[in-house]
Each structure stands twice: as C-alpha cells, then as structure tokens.
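Undergrad: Supplied structure: structure13.cif, mmCIF, C-alpha atoms, pLDDT in the B column; chains and numbers go by the auth columns.
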```cif
data_query
#
loop_
_atom_site.group_PDB
_atom_site.id
_atom_site.type_symbol
_atom_site.label_atom_id
_atom_site.label_comp_id
_atom_site.label_asym_id
_atom_site.label_seq_id
_atom_site.Cartn_x
_atom_site.Cartn_y
_atom_site.Cartn_z
_atom_site.B_iso_or_equiv
_atom_site.auth_seq_id
_atom_site.auth_asym_id
ATOM 1 C CA MET A 1 -88.784 22.111 59.749 57.00 66 A
ATOM 2 C CA THR A 2 -91.917 24.024 60.719 71.00 67 A
ATOM 3 C CA THR A 3 -95.017 24.198 58.546 77.00 68 A
ATOM 4 C CA GLU A 4 -94.440 27.915 58.089 74.00 69 A
ATOM 5 C CA VAL A 5 -90.900 27.375 56.762 70.00 70 A
ATOM 6 C CA ALA A 6 -92.062 24.579 54.445 78.00 71 A
ATOM 7 C CA ASN A 7 -94.876 26.721 53.067 84.00 72 A
ATOM 8 C CA LYS A 8 -92.577 29.686 52.423 85.00 73 A
ATOM 9 C CA ARG A 9 -90.055 27.430 50.704 87.00 74 A
ATOM 10 C CA GLN A 10 -92.771 26.021 48.462 93.00 75 A
ATOM 11 C CA GLN A 11 -94.151 29.481 47.761 95.00 76 A
ATOM 12 C CA PHE A 12 -90.781 30.788 46.600 97.00 77 A
ATOM 13 C CA ALA A 13 -90.174 27.666 44.480 97.00 78 A
ATOM 14 C CA ASP A 14 -93.578 28.101 42.838 97.00 79 A
ATOM 15 C CA GLN A 15 -92.874 31.766 42.068 97.00 80 A
ATOM 16 C CA LEU A 16 -89.583 30.900 40.365 97.00 81 A
ATOM 17 C CA ARG A 17 -91.185 28.074 38.401 97.00 82 A
ATOM 18 C CA VAL A 18 -93.982 30.319 37.138 96.00 83 A
ATOM 19 C CA ALA A 19 -91.468 33.029 36.226 96.00 84 A
ATOM 20 C CA GLU A 20 -89.478 30.517 34.175 95.00 85 A
ATOM 21 C CA GLU A 21 -92.576 29.220 32.396 94.00 86 A
ATOM 22 C CA SER A 22 -94.166 32.616 31.761 95.00 87 A
ATOM 23 C CA LEU A 23 -90.911 34.472 30.993 95.00 88 A
ATOM 24 C CA GLU A 24 -91.962 37.178 33.432 95.00 89 A
ATOM 25 C CA GLY A 25 -89.340 38.077 36.017 96.00 90 A
ATOM 26 C CA ILE A 26 -90.210 38.411 39.684 97.00 91 A
ATOM 27 C CA SER A 27 -88.991 40.618 42.515 97.00 92 A
ATOM 28 C CA PRO A 28 -85.965 39.333 44.435 97.00 93 A
ATOM 29 C CA LEU A 29 -86.858 36.765 47.054 97.00 94 A
ATOM 30 C CA THR A 30 -84.612 38.660 49.446 95.00 95 A
ATOM 31 C CA SER A 31 -86.798 41.747 49.066 95.00 96 A
ATOM 32 C CA VAL A 32 -89.668 39.692 50.483 93.00 97 A
ATOM 33 C CA GLU A 33 -87.578 37.707 52.973 94.00 98 A
ATOM 34 C CA PRO A 34 -84.395 39.655 53.812 93.00 99 A
ATOM 35 C CA GLU A 35 -83.304 36.937 56.237 91.00 100 A
ATOM 36 C CA LEU A 36 -83.415 34.177 53.606 94.00 101 A
ATOM 37 C CA THR A 37 -80.355 32.018 54.267 92.00 102 A
ATOM 38 C CA ILE A 38 -78.081 30.333 51.774 92.00 103 A
ATOM 39 C CA ASP A 39 -79.099 26.838 52.934 92.00 104 A
ATOM 40 C CA GLU A 40 -82.788 27.748 52.683 95.00 105 A
ATOM 41 C CA ALA A 41 -82.139 28.975 49.145 96.00 106 A
ATOM 42 C CA TYR A 42 -80.536 25.640 48.206 96.00 107 A
ATOM 43 C CA PHE A 43 -83.607 23.803 49.503 95.00 108 A
ATOM 44 C CA ILE A 44 -85.801 26.057 47.330 97.00 109 A
ATOM 45 C CA GLN A 45 -83.580 25.153 44.382 97.00 110 A
ATOM 46 C CA LEU A 46 -84.009 21.460 45.149 96.00 111 A
ATOM 47 C CA GLU A 47 -87.798 21.821 45.277 96.00 112 A
ATOM 48 C CA ASN A 48 -87.872 22.804 41.603 97.00 113 A
ATOM 49 C CA ILE A 49 -85.163 20.359 40.530 97.00 114 A
ATOM 50 C CA GLU A 50 -87.037 17.475 42.143 96.00 115 A
ATOM 51 C CA ARG A 51 -90.248 18.634 40.450 96.00 116 A
ATOM 52 C CA LYS A 52 -88.542 18.573 37.050 97.00 117 A
ATOM 53 C CA VAL A 53 -87.092 15.115 37.693 98.00 118 A
ATOM 54 C CA VAL A 54 -90.563 13.819 38.565 97.00 119 A
ATOM 55 C CA GLN A 55 -91.760 15.307 35.271 96.00 120 A
ATOM 56 C CA GLY A 56 -89.174 13.231 33.380 98.00 121 A
ATOM 57 C CA GLN A 57 -86.059 15.387 33.165 98.00 122 A
ATOM 58 C CA THR A 58 -82.690 13.915 34.140 98.00 123 A
ATOM 59 C CA ILE A 59 -79.882 15.428 36.199 98.00 124 A
ATOM 60 C CA VAL A 60 -76.723 15.250 34.044 98.00 125 A
ATOM 61 C CA GLY A 61 -74.338 17.363 36.092 98.00 126 A
ATOM 62 C CA LYS A 62 -73.752 20.519 38.105 98.00 127 A
ATOM 63 C CA LYS A 63 -72.620 24.063 37.452 98.00 128 A
ATOM 64 C CA ILE A 64 -70.493 26.202 39.733 97.00 129 A
ATOM 65 C CA GLY A 65 -71.124 29.906 39.631 92.00 130 A
ATOM 66 C CA LEU A 66 -69.440 33.046 40.903 87.00 131 A
ATOM 67 C CA THR A 67 -65.959 31.534 40.958 88.00 132 A
ATOM 68 C CA SER A 68 -64.136 34.385 39.242 72.00 133 A
ATOM 69 C CA LYS A 69 -63.408 37.675 40.953 71.00 134 A
ATOM 70 C CA ALA A 70 -64.988 39.386 37.958 64.00 135 A
ATOM 71 C CA MET A 71 -68.318 37.627 38.462 64.00 136 A
ATOM 72 C CA GLN A 72 -68.272 38.086 42.227 71.00 137 A
ATOM 73 C CA THR A 73 -67.662 41.802 41.739 73.00 138 A
ATOM 74 C CA LEU A 74 -70.376 42.017 39.083 67.00 139 A
ATOM 75 C CA LEU A 75 -72.983 40.525 41.414 67.00 140 A
ATOM 76 C CA GLY A 76 -71.626 41.802 44.706 71.00 141 A
ATOM 77 C CA VAL A 77 -70.970 38.429 46.362 71.00 142 A
ATOM 78 C CA ASN A 78 -67.901 36.837 47.909 74.00 143 A
ATOM 79 C CA GLU A 79 -68.401 33.084 47.561 77.00 144 A
ATOM 80 C CA PRO A 80 -69.312 30.581 44.819 89.00 145 A
ATOM 81 C CA ASP A 81 -72.652 28.870 44.374 94.00 146 A
ATOM 82 C CA TYR A 82 -73.897 25.860 42.425 97.00 147 A
ATOM 83 C CA GLY A 83 -76.855 24.620 40.434 98.00 148 A
ATOM 84 C CA HIS A 84 -78.046 21.432 38.774 98.00 149 A
ATOM 85 C CA LEU A 85 -77.705 20.683 35.062 98.00 150 A
ATOM 86 C CA LEU A 86 -80.602 18.850 33.394 98.00 151 A
ATOM 87 C CA ASP A 87 -80.760 17.094 30.053 98.00 152 A
ATOM 88 C CA SER A 88 -83.184 19.797 28.880 97.00 153 A
ATOM 89 C CA MET A 89 -80.388 22.380 29.179 98.00 154 A
ATOM 90 C CA VAL A 90 -78.083 20.839 26.571 98.00 155 A
ATOM 91 C CA VAL A 91 -77.461 22.813 23.356 98.00 156 A
ATOM 92 C CA GLU A 92 -75.371 21.262 20.577 97.00 157 A
ATOM 93 C CA ASN A 93 -72.120 22.968 19.657 98.00 158 A
ATOM 94 C CA GLY A 94 -72.661 25.479 16.849 97.00 159 A
ATOM 95 C CA SER A 95 -76.454 25.492 17.107 97.00 160 A
ATOM 96 C CA ALA A 96 -78.967 28.034 18.357 97.00 161 A
ATOM 97 C CA VAL A 97 -80.311 28.526 21.861 96.00 162 A
ATOM 98 C CA PRO A 98 -84.116 28.275 22.123 90.00 163 A
ATOM 99 C CA LYS A 99 -84.564 32.023 22.671 85.00 164 A
ATOM 100 C CA GLN A 100 -88.254 31.613 23.401 89.00 165 A
ATOM 101 C CA LYS A 101 -87.197 30.156 26.761 93.00 166 A
ATOM 102 C CA LEU A 102 -84.941 33.036 27.831 96.00 167 A
ATOM 103 C CA LEU A 103 -85.608 36.255 29.736 96.00 168 A
ATOM 104 C CA GLN A 104 -82.307 38.153 30.041 97.00 169 A
ATOM 105 C CA PRO A 105 -79.479 35.836 28.992 97.00 170 A
ATOM 106 C CA LYS A 106 -75.761 36.270 29.438 97.00 171 A
ATOM 107 C CA VAL A 107 -72.863 34.142 28.169 97.00 172 A
ATOM 108 C CA GLU A 108 -69.920 32.730 30.108 95.00 173 A
ATOM 109 C CA ALA A 109 -66.952 30.671 28.924 96.00 174 A
ATOM 110 C CA GLU A 110 -65.692 27.898 31.194 96.00 175 A
ATOM 111 C CA ILE A 111 -63.924 24.558 31.432 97.00 176 A
ATOM 112 C CA ALA A 112 -66.132 21.488 31.783 98.00 177 A
ATOM 113 C CA PHE A 113 -65.006 18.417 33.716 98.00 178 A
ATOM 114 C CA ILE A 114 -66.447 15.019 32.783 98.00 179 A
ATOM 115 C CA LEU A 115 -66.132 12.620 35.693 98.00 180 A
ATOM 116 C CA LYS A 116 -65.163 8.944 35.508 98.00 181 A
ATOM 117 C CA GLU A 117 -65.528 8.309 39.253 98.00 182 A
ATOM 118 C CA ASP A 118 -67.938 9.443 41.950 98.00 183 A
ATOM 119 C CA LEU A 119 -66.891 12.273 44.271 98.00 184 A
ATOM 120 C CA LYS A 120 -68.472 12.549 47.704 97.00 185 A
ATOM 121 C CA GLY A 121 -67.507 15.134 50.292 96.00 186 A
ATOM 122 C CA PRO A 122 -66.495 16.216 52.787 96.00 187 A
ATOM 123 C CA ASN A 123 -62.711 16.350 52.512 96.00 188 A
ATOM 124 C CA VAL A 124 -62.493 16.041 48.719 98.00 189 A
ATOM 125 C CA THR A 125 -59.185 17.518 47.544 97.00 190 A
ATOM 126 C CA THR A 126 -58.077 19.003 44.250 96.00 191 A
ATOM 127 C CA LEU A 127 -55.991 15.877 43.652 97.00 192 A
ATOM 128 C CA ASP A 128 -59.109 13.750 44.184 98.00 193 A
ATOM 129 C CA VAL A 129 -60.866 15.781 41.504 98.00 194 A
ATOM 130 C CA LEU A 130 -58.024 15.389 39.018 97.00 195 A
ATOM 131 C CA GLN A 131 -57.928 11.633 39.588 97.00 196 A
ATOM 132 C CA ALA A 132 -61.712 11.340 39.222 98.00 197 A
ATOM 133 C CA THR A 133 -61.848 13.319 35.959 98.00 198 A
ATOM 134 C CA ASP A 134 -62.138 11.461 32.668 98.00 199 A
ATOM 135 C CA TYR A 135 -61.477 14.511 30.483 98.00 200 A
ATOM 136 C CA VAL A 136 -62.077 18.243 30.105 98.00 201 A
ATOM 137 C CA VAL A 137 -63.656 20.211 27.260 98.00 202 A
ATOM 138 C CA PRO A 138 -64.427 23.871 26.559 98.00 203 A
ATOM 139 C CA ALA A 139 -67.915 25.033 27.432 98.00 204 A
ATOM 140 C CA ILE A 140 -70.246 27.987 27.081 98.00 205 A
ATOM 141 C CA GLU A 141 -72.896 28.459 29.728 98.00 206 A
ATOM 142 C CA ILE A 142 -75.943 30.578 29.025 98.00 207 A
ATOM 143 C CA VAL A 143 -77.048 32.007 32.344 97.00 208 A
ATOM 144 C CA ASP A 144 -80.405 33.647 32.883 97.00 209 A
ATOM 145 C CA SER A 145 -82.273 35.052 35.842 97.00 210 A
ATOM 146 C CA ARG A 146 -85.907 34.725 36.741 97.00 211 A
ATOM 147 C CA ILE A 147 -85.339 37.762 38.995 97.00 212 A
ATOM 148 C CA GLN A 148 -86.142 41.081 37.328 96.00 213 A
ATOM 149 C CA ASP A 149 -83.146 43.024 35.997 95.00 214 A
ATOM 150 C CA TRP A 150 -80.635 40.647 37.608 94.00 215 A
ATOM 151 C CA LYS A 151 -81.166 42.445 40.939 92.00 216 A
ATOM 152 C CA ILE A 152 -79.963 39.432 42.882 91.00 217 A
ATOM 153 C CA GLN A 153 -78.265 38.691 46.126 90.00 218 A
ATOM 154 C CA LEU A 154 -76.609 35.327 46.703 91.00 219 A
ATOM 155 C CA PRO A 155 -79.737 33.576 48.069 94.00 220 A
ATOM 156 C CA ASP A 156 -81.742 34.795 45.054 95.00 221 A
ATOM 157 C CA THR A 157 -79.460 33.266 42.469 94.00 222 A
ATOM 158 C CA ILE A 158 -79.035 30.050 44.476 96.00 223 A
ATOM 159 C CA ALA A 159 -82.793 29.552 44.770 98.00 224 A
ATOM 160 C CA ASP A 160 -83.022 30.185 41.012 98.00 225 A
ATOM 161 C CA ASN A 161 -80.765 27.169 40.313 98.00 226 A
ATOM 162 C CA ALA A 162 -77.715 29.438 40.261 97.00 227 A
ATOM 163 C CA SER A 163 -79.245 31.397 37.361 96.00 228 A
ATOM 164 C CA SER A 164 -78.837 28.418 35.027 97.00 229 A
ATOM 165 C CA ALA A 165 -80.416 28.175 31.575 98.00 230 A
ATOM 166 C CA PHE A 166 -78.445 26.199 28.947 98.00 231 A
ATOM 167 C CA TYR A 167 -74.927 24.982 28.242 98.00 232 A
ATOM 168 C CA VAL A 168 -72.837 23.952 25.235 98.00 233 A
ATOM 169 C CA LEU A 169 -69.837 21.615 25.130 98.00 234 A
ATOM 170 C CA GLY A 170 -67.317 21.759 22.285 96.00 235 A
ATOM 171 C CA GLY A 171 -63.703 21.304 21.307 88.00 236 A
ATOM 172 C CA LYS A 172 -61.830 18.046 21.705 89.00 237 A
ATOM 173 C CA PRO A 173 -61.715 16.025 24.931 96.00 238 A
ATOM 174 C CA LYS A 174 -58.356 16.275 26.694 97.00 239 A
ATOM 175 C CA LYS A 175 -57.049 14.250 29.592 97.00 240 A
ATOM 176 C CA ILE A 176 -56.038 16.203 32.670 94.00 241 A
ATOM 177 C CA GLU A 177 -52.353 15.439 32.162 94.00 242 A
ATOM 178 C CA GLU A 178 -52.466 16.875 28.625 95.00 243 A
ATOM 179 C CA VAL A 179 -53.251 20.461 29.698 95.00 244 A
ATOM 180 C CA ASP A 180 -52.213 22.950 32.347 95.00 245 A
ATOM 181 C CA LEU A 181 -55.638 24.014 33.580 95.00 246 A
ATOM 182 C CA GLU A 182 -54.281 26.778 35.784 93.00 247 A
ATOM 183 C CA LEU A 183 -52.562 28.555 32.891 94.00 248 A
ATOM 184 C CA LEU A 184 -55.058 27.623 30.170 95.00 249 A
ATOM 185 C CA GLY A 185 -56.025 30.747 28.218 96.00 250 A
ATOM 186 C CA MET A 186 -59.472 31.611 26.868 97.00 251 A
ATOM 187 C CA VAL A 187 -60.727 34.193 24.361 98.00 252 A
ATOM 188 C CA LEU A 188 -64.463 34.924 24.079 98.00 253 A
ATOM 189 C CA LYS A 189 -65.743 36.549 20.885 98.00 254 A
ATOM 190 C CA LYS A 190 -69.160 38.107 20.312 98.00 255 A
ATOM 191 C CA ASN A 191 -70.076 38.507 16.647 98.00 256 A
ATOM 192 C CA GLY A 192 -66.416 38.050 15.746 97.00 257 A
ATOM 193 C CA GLU A 193 -65.095 40.691 18.145 98.00 258 A
ATOM 194 C CA VAL A 194 -63.100 39.868 21.287 98.00 259 A
ATOM 195 C CA VAL A 195 -65.172 40.818 24.333 98.00 260 A
ATOM 196 C CA ASN A 196 -63.402 38.884 27.094 95.00 261 A
ATOM 197 C CA THR A 197 -60.283 36.944 27.875 95.00 262 A
ATOM 198 C CA GLY A 198 -59.511 34.726 30.818 93.00 263 A
ATOM 199 C CA VAL A 199 -57.287 32.046 32.246 94.00 264 A
ATOM 200 C CA GLY A 200 -57.955 28.909 34.260 92.00 265 A
ATOM 201 C CA ALA A 201 -56.561 30.445 37.432 91.00 266 A
ATOM 202 C CA ALA A 202 -59.453 32.939 37.378 87.00 267 A
ATOM 203 C CA ALA A 203 -61.663 30.181 38.786 86.00 268 A
ATOM 204 C CA LEU A 204 -60.623 30.068 42.460 86.00 269 A
ATOM 205 C CA GLY A 205 -56.980 29.764 41.426 88.00 270 A
ATOM 206 C CA HIS A 206 -57.550 26.479 39.575 94.00 271 A
ATOM 207 C CA PRO A 207 -60.736 25.024 38.015 95.00 272 A
ATOM 208 C CA ALA A 208 -60.278 21.750 39.901 97.00 273 A
ATOM 209 C CA HIS A 209 -60.388 23.688 43.181 95.00 274 A
ATOM 210 C CA CYS A 210 -63.910 24.714 42.202 95.00 275 A
ATOM 211 C CA VAL A 211 -64.987 21.113 41.666 97.00 276 A
ATOM 212 C CA ALA A 212 -63.522 20.128 45.041 97.00 277 A
ATOM 213 C CA TRP A 213 -65.431 22.997 46.672 95.00 278 A
ATOM 214 C CA LEU A 214 -68.605 21.736 44.981 96.00 279 A
ATOM 215 C CA ALA A 215 -68.176 18.141 46.129 97.00 280 A
ATOM 216 C CA ASN A 216 -67.636 19.288 49.699 96.00 281 A
ATOM 217 C CA ARG A 217 -70.553 21.750 49.660 94.00 282 A
ATOM 218 C CA LEU A 218 -72.887 19.096 48.274 95.00 283 A
ATOM 219 C CA ALA A 219 -72.033 16.845 51.209 95.00 284 A
ATOM 220 C CA ASP A 220 -74.145 19.205 53.337 92.00 285 A
ATOM 221 C CA PHE A 221 -77.160 17.985 51.361 91.00 286 A
ATOM 222 C CA ASP A 222 -76.001 14.354 51.030 93.00 287 A
ATOM 223 C CA ILE A 223 -75.505 14.745 47.270 94.00 288 A
ATOM 224 C CA THR A 224 -72.748 12.892 45.407 97.00 289 A
ATOM 225 C CA LEU A 225 -71.099 13.916 42.142 98.00 290 A
ATOM 226 C CA ARG A 226 -71.571 10.867 39.931 97.00 291 A
ATOM 227 C CA ALA A 227 -69.346 9.305 37.279 98.00 292 A
ATOM 228 C CA GLY A 228 -70.402 10.585 33.880 98.00 293 A
ATOM 229 C CA GLU A 229 -71.658 13.919 35.172 98.00 294 A
ATOM 230 C CA VAL A 230 -70.716 17.204 33.507 98.00 295 A
ATOM 231 C CA ILE A 231 -69.303 19.779 35.913 98.00 296 A
ATOM 232 C CA LEU A 232 -69.104 23.352 34.647 98.00 297 A
ATOM 233 C CA SER A 233 -66.273 24.671 36.782 97.00 298 A
ATOM 234 C CA GLY A 234 -67.016 28.393 36.639 94.00 299 A
ATOM 235 C CA ALA A 235 -66.679 31.402 34.374 93.00 300 A
ATOM 236 C CA LEU A 236 -63.182 32.611 33.555 92.00 301 A
ATOM 237 C CA SER A 237 -64.374 36.192 33.067 88.00 302 A
ATOM 238 C CA ALA A 238 -67.467 38.344 33.500 87.00 303 A
ATOM 239 C CA ALA A 239 -70.695 37.328 31.779 92.00 304 A
ATOM 240 C CA VAL A 240 -71.608 39.073 28.509 96.00 305 A
ATOM 241 C CA GLU A 241 -75.163 40.049 27.598 97.00 306 A
ATOM 242 C CA ALA A 242 -76.716 38.258 24.629 97.00 307 A
ATOM 243 C CA THR A 243 -79.526 39.392 22.345 95.00 308 A
ATOM 244 C CA GLU A 244 -81.246 37.882 19.331 94.00 309 A
ATOM 245 C CA GLY A 245 -78.882 37.567 16.373 96.00 310 A
ATOM 246 C CA ASP A 246 -75.699 37.376 18.441 97.00 311 A
ATOM 247 C CA SER A 247 -73.108 34.628 17.974 98.00 312 A
ATOM 248 C CA PHE A 248 -70.490 33.675 20.562 98.00 313 A
ATOM 249 C CA THR A 249 -67.324 31.610 20.211 98.00 314 A
ATOM 250 C CA ALA A 250 -65.005 30.709 23.054 98.00 315 A
ATOM 251 C CA ARG A 251 -61.565 29.453 22.096 97.00 316 A
ATOM 252 C CA PHE A 252 -59.390 27.711 24.661 97.00 317 A
ATOM 253 C CA ALA A 253 -55.695 26.967 24.231 94.00 318 A
ATOM 254 C CA HIS A 254 -55.238 23.237 23.519 93.00 319 A
ATOM 255 C CA LEU A 255 -58.973 22.523 23.956 96.00 320 A
ATOM 256 C CA GLY A 256 -60.429 24.109 20.829 96.00 321 A
ATOM 257 C CA GLU A 257 -63.614 26.088 20.315 97.00 322 A
ATOM 258 C CA VAL A 258 -67.235 26.082 21.342 98.00 323 A
ATOM 259 C CA THR A 259 -69.898 28.196 19.598 98.00 324 A
ATOM 260 C CA VAL A 260 -73.524 29.158 20.183 98.00 325 A
ATOM 261 C CA HIS A 261 -76.015 31.386 18.360 98.00 326 A
ATOM 262 C CA PHE A 262 -78.992 33.424 19.549 97.00 327 A
#
```
Output the structure of this file as structure tokens.

TA:
Amino acid sequence: MTTEVANKRQQFADQLRVAEESLEGISPLTSVEPELTIDEAYFIQLENIERKVVQGQTIVGKKIGLTSKAMQTLLGVNEPDYGHLLDSMVVENGSAVPKQKLLQPKVEAEIAFILKEDLKGPNVTTLDVLQATDYVVPAIEIVDSRIQDWKIQLPDTIADNASSAFYVLGGKPKKIEEVDLELLGMVLKKNGEVVNTGVGAAALGHPAHCVAWLANRLADFDITLRAGEVILSGALSAAVEATEGDSFTARFAHLGEVTVHF
C-alpha cells in the first residue's frame, strides 16, 4: 500500500468519524473519489472500528445490509454489504434510542442469528451456518448515514460501517429446527400502523444464505465470525424513516416481537 493510498484512507475515515461525532453529514466519498473500490471502503470501515476498539468498545457481532431486493432497489445497488456491531450499539427491547446520536435514522426488521461455533470462510455453506447457530431472535436495526441525505453508493455505505447505528433484540430465542426461516413472516408497525411486511426468503432467498455470504466475504480480510456473536442477517423489507416520537414494533411468526422508541 502506497503512502498516498494510506493517507486517503485515513482522511476518509477521519471525515466519517467527525461526521458521526458532530452529527453533521458529509458529501459522499465517491463524489471526491469516484474510483473508490469496495475493498478500499472496507479498509476505511476497519480504520474506524479499530479506533473504537482501542478506545474501549467491543465487537459483539456483524450486520449484513442490502440483502433484500427492496433495499437494493432503494439504494441502487446489486450486492450485500456488512458492518461491525459494537457493544455501544445495543438498545434494550422496548426502550428508547439515544436520538442525540442520530442524524437521519431509518428502521429495519430482521432475523438475528446467535452463533455457538466459529465460522471462517471461504467455502462456508448454509448448512454450516445452521449447524453453527445457537438460536435466532427477532431484531430491529436502526440504520443511519453519515453521508448527507443518504446519497450513497455502495462504497459510501461500506466505509460508513454499512450505515450502522443501533440494534435491538427481542422475542424468545428459538432453535433453528423450531422455525422455518425461509417462510417466516414479519409485520413492521410504526405508531401502531402496519408499514411493511416481509418474509425470511426476502433475504437472499434464506437468512442463513446471508450469514454464509458474510463468513466467506470476511475471509478476504482474515476475519472470523466468533461463537457468541450476534449476526443481523438483513432487512426483510425496505427501511422506514424514523423521527422523534415514533414507536416501532416488529412481530415475527413464532419468534415474537421487538420494539423500539424514538
């Protein structure tokens, strides 16, 4: 890696960090560097994750984004991405999101996998994922973008930790064999009104496919999915904008509910 590349990577990471801390969005990185590659964007993401770990935060899992056709269409991309989950991102079921840390939040409902075994790519299969999963629970992810007005291309959101902000786990843990994840239905309500519905198959055909994709993609960076990690497997429908005073509840067949307030 040349000094010029390293400096640009650090510059972009610093801009995203300042945007997150100041709650002032920045121009898309791709408007400054149109040739920014996906792998370069992941290294920018890692710069800020490693900084936060040094500061005392802990990596507790990963999130997979852009797995549903609805989300890919919304953002104009054609492949998934991933980000890191930190202990500072956890919100308790039924409680309020710290809105003073959000710029332009949206809400997604997804299925969370809790691992009991490590997964290391390449060549991880869906069956490997199912065997390595301890249980699944319903989840709400609050996504946010440090890029002004969500004007993002794929490298922008990847560099921005896949537009991660917070997440909530709820419901009752279920073993893999207790539910049909492909056919599992979801209803998302905003202030008591249904705003979205989805099904497990919306996430790359099966949520476990998404986790297998993640394990294999992480192998490119020599990262292992660890036992005990939370894996948010991807939104089952398009994200919904959230403003102060809103409440969201996602109900999943057989898994129960998860709720968050703004």

Undergrad: For Asp193 of chain A, work out the shell of residues within 12 Å, counting only C-alpha atoms and skipping chain neighbours fewer than 6 positions away, then give it as a list in words.

TA: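 What passes the distance filter is Leu180, Lys181, Glu182, Asp183, Leu184, Lys185, Gly186, Pro187, Ala273, His274, Val276, Ala277, Trp278, Ala280 and Asn281 of chain A.
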
Undergrad: With distances taken over all atoms listed in the file, which of A:Val208, A:Ile91, A:Ile109, A:Ile129 is nearest to Arg74 of chain A?

TA: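 Answer, going by the shortest atom-to-atom distance: A:Ile109.
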
Undergrad: Tell me, as a list in words, which residues lie within 12 Å of Val125 of chain A, counting all atoms listed in the file; anything in the same chain fewer than 4 positions away does not count.

TA: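 So the residues in contact are Ile114, Val118, Gly148, His149, Leu150, Leu151, Asp152, Ser153, Met154, Val155, Ile179, Leu180, Tyr232, Leu290, Arg291, Ala292, Gly293, Glu294, Val295, Ile296 and Leu297 of chain A.
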
Undergrad: Skip Leu195 of chain A itself and residues of its chain fewer than 4 positions away, then list as a list in words all residues within 9 Å of it, counting only C-alpha atoms.

TA: Thr190, Thr191, Asp199, Ile241, Glu242 and Ala273 of chain A

Undergrad: Check the smallest atom-to-atom distance from each of A:Glu144, A:Glu89, A:Glu206, A:Glu258 to Ala304 of chain A using only C-alpha atoms, then report the winner.

TA: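 Nearest to Ala304 of chain A: A:Glu206.
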
Undergrad: Do you have the atom CA of Pro170 of chain A-atom CA of Thr262 of chain A distance handy?

TA: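 Interatomic distance here is 19.3 Å.
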
Undergrad: Name the residues, using the chain letters and numbers of the file, that sit within 8 Å of (-60.1, 20.5, 27.1) when counting only C-alpha atoms, and give them as a short mmCIF file (atom, residue, chain, number, x, y, z; two decimals) with C-alpha atoms, in the frame of the given file.

TA:
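Output below, filename out_19.cif:
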```
data_model
loop_
_atom_site.label_atom_id
_atom_site.label_comp_id
_atom_site.auth_asym_id
_atom_site.auth_seq_id
_atom_site.Cartn_x
_atom_site.Cartn_y
_atom_site.Cartn_z
CA ILE A 176 -63.92 24.56 31.43
CA ALA A 177 -66.13 21.49 31.78
CA TYR A 200 -61.48 14.51 30.48
CA VAL A 201 -62.08 18.24 30.10
CA VAL A 202 -63.66 20.21 27.26
CA PRO A 203 -64.43 23.87 26.56
CA GLY A 236 -63.70 21.30 21.31
CA LYS A 237 -61.83 18.05 21.70
CA PRO A 238 -61.72 16.02 24.93
CA LYS A 239 -58.36 16.27 26.69
CA LYS A 240 -57.05 14.25 29.59
CA VAL A 244 -53.25 20.46 29.70
CA PHE A 317 -59.39 27.71 24.66
CA HIS A 319 -55.24 23.24 23.52
CA LEU A 320 -58.97 22.52 23.96
CA GLY A 321 -60.43 24.11 20.83
#
```

Undergrad: Identify all residues satisfying the PyMOL selection byres ((chain A and resi 108) around 10) in the given file; provide them as number ranges by chain.

TA: A: 71, 74-75, 78, 103-107, 109-114, 223-224, 286

Undergrad: Between A:Val162, A:Val252, A:Ala284, A:Ala268, which is the closest to Val233 of chain A once you count all atoms listed in the file?

TA: A:Val162

Undergrad: Looking at all atoms listed in the file, which of A:Leu167, A:Val189, A:Ile288, A:Cys275 is the one that sits closest to Ser228 of chain A?

TA: A:Leu167

Undergrad: Extract, using only C-alpha atoms, all DNA, RNA and protein residues at most 10 Å from Ser96 of chain A, discarding same-chain residues fewer than 3 positions from it, and format them as a list in words.

TA: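 Result of the neighbour search: Ser92, Pro93, Pro99, Glu100, Leu101, Lys216, Ile217, Gln218 and Asp221 of chain A.
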
Undergrad: In Å to one decimal, how far is atom CA of Gly299 of chain A from atom CA of Ala204 of chain A?

TA: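 Taking atom CA of Ala204 of chain A and atom CA of Gly299 of chain A, their separation equals 9.8 Å.
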
Undergrad: Between A:Ala315, A:Ala307, A:Leu219, A:Val194, which one has atoms that come closest to Met251 of chain A, using all atoms listed in the file?

TA: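 Smallest distance to Met251 of chain A is found for A:Ala315.
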
Undergrad: Between A:Leu269, A:Val97, A:Leu88, A:Ile207, which residue has the minimum interatomic distance to Lys171 of chain A, considering all atoms listed in the file?

TA: A:Ile207
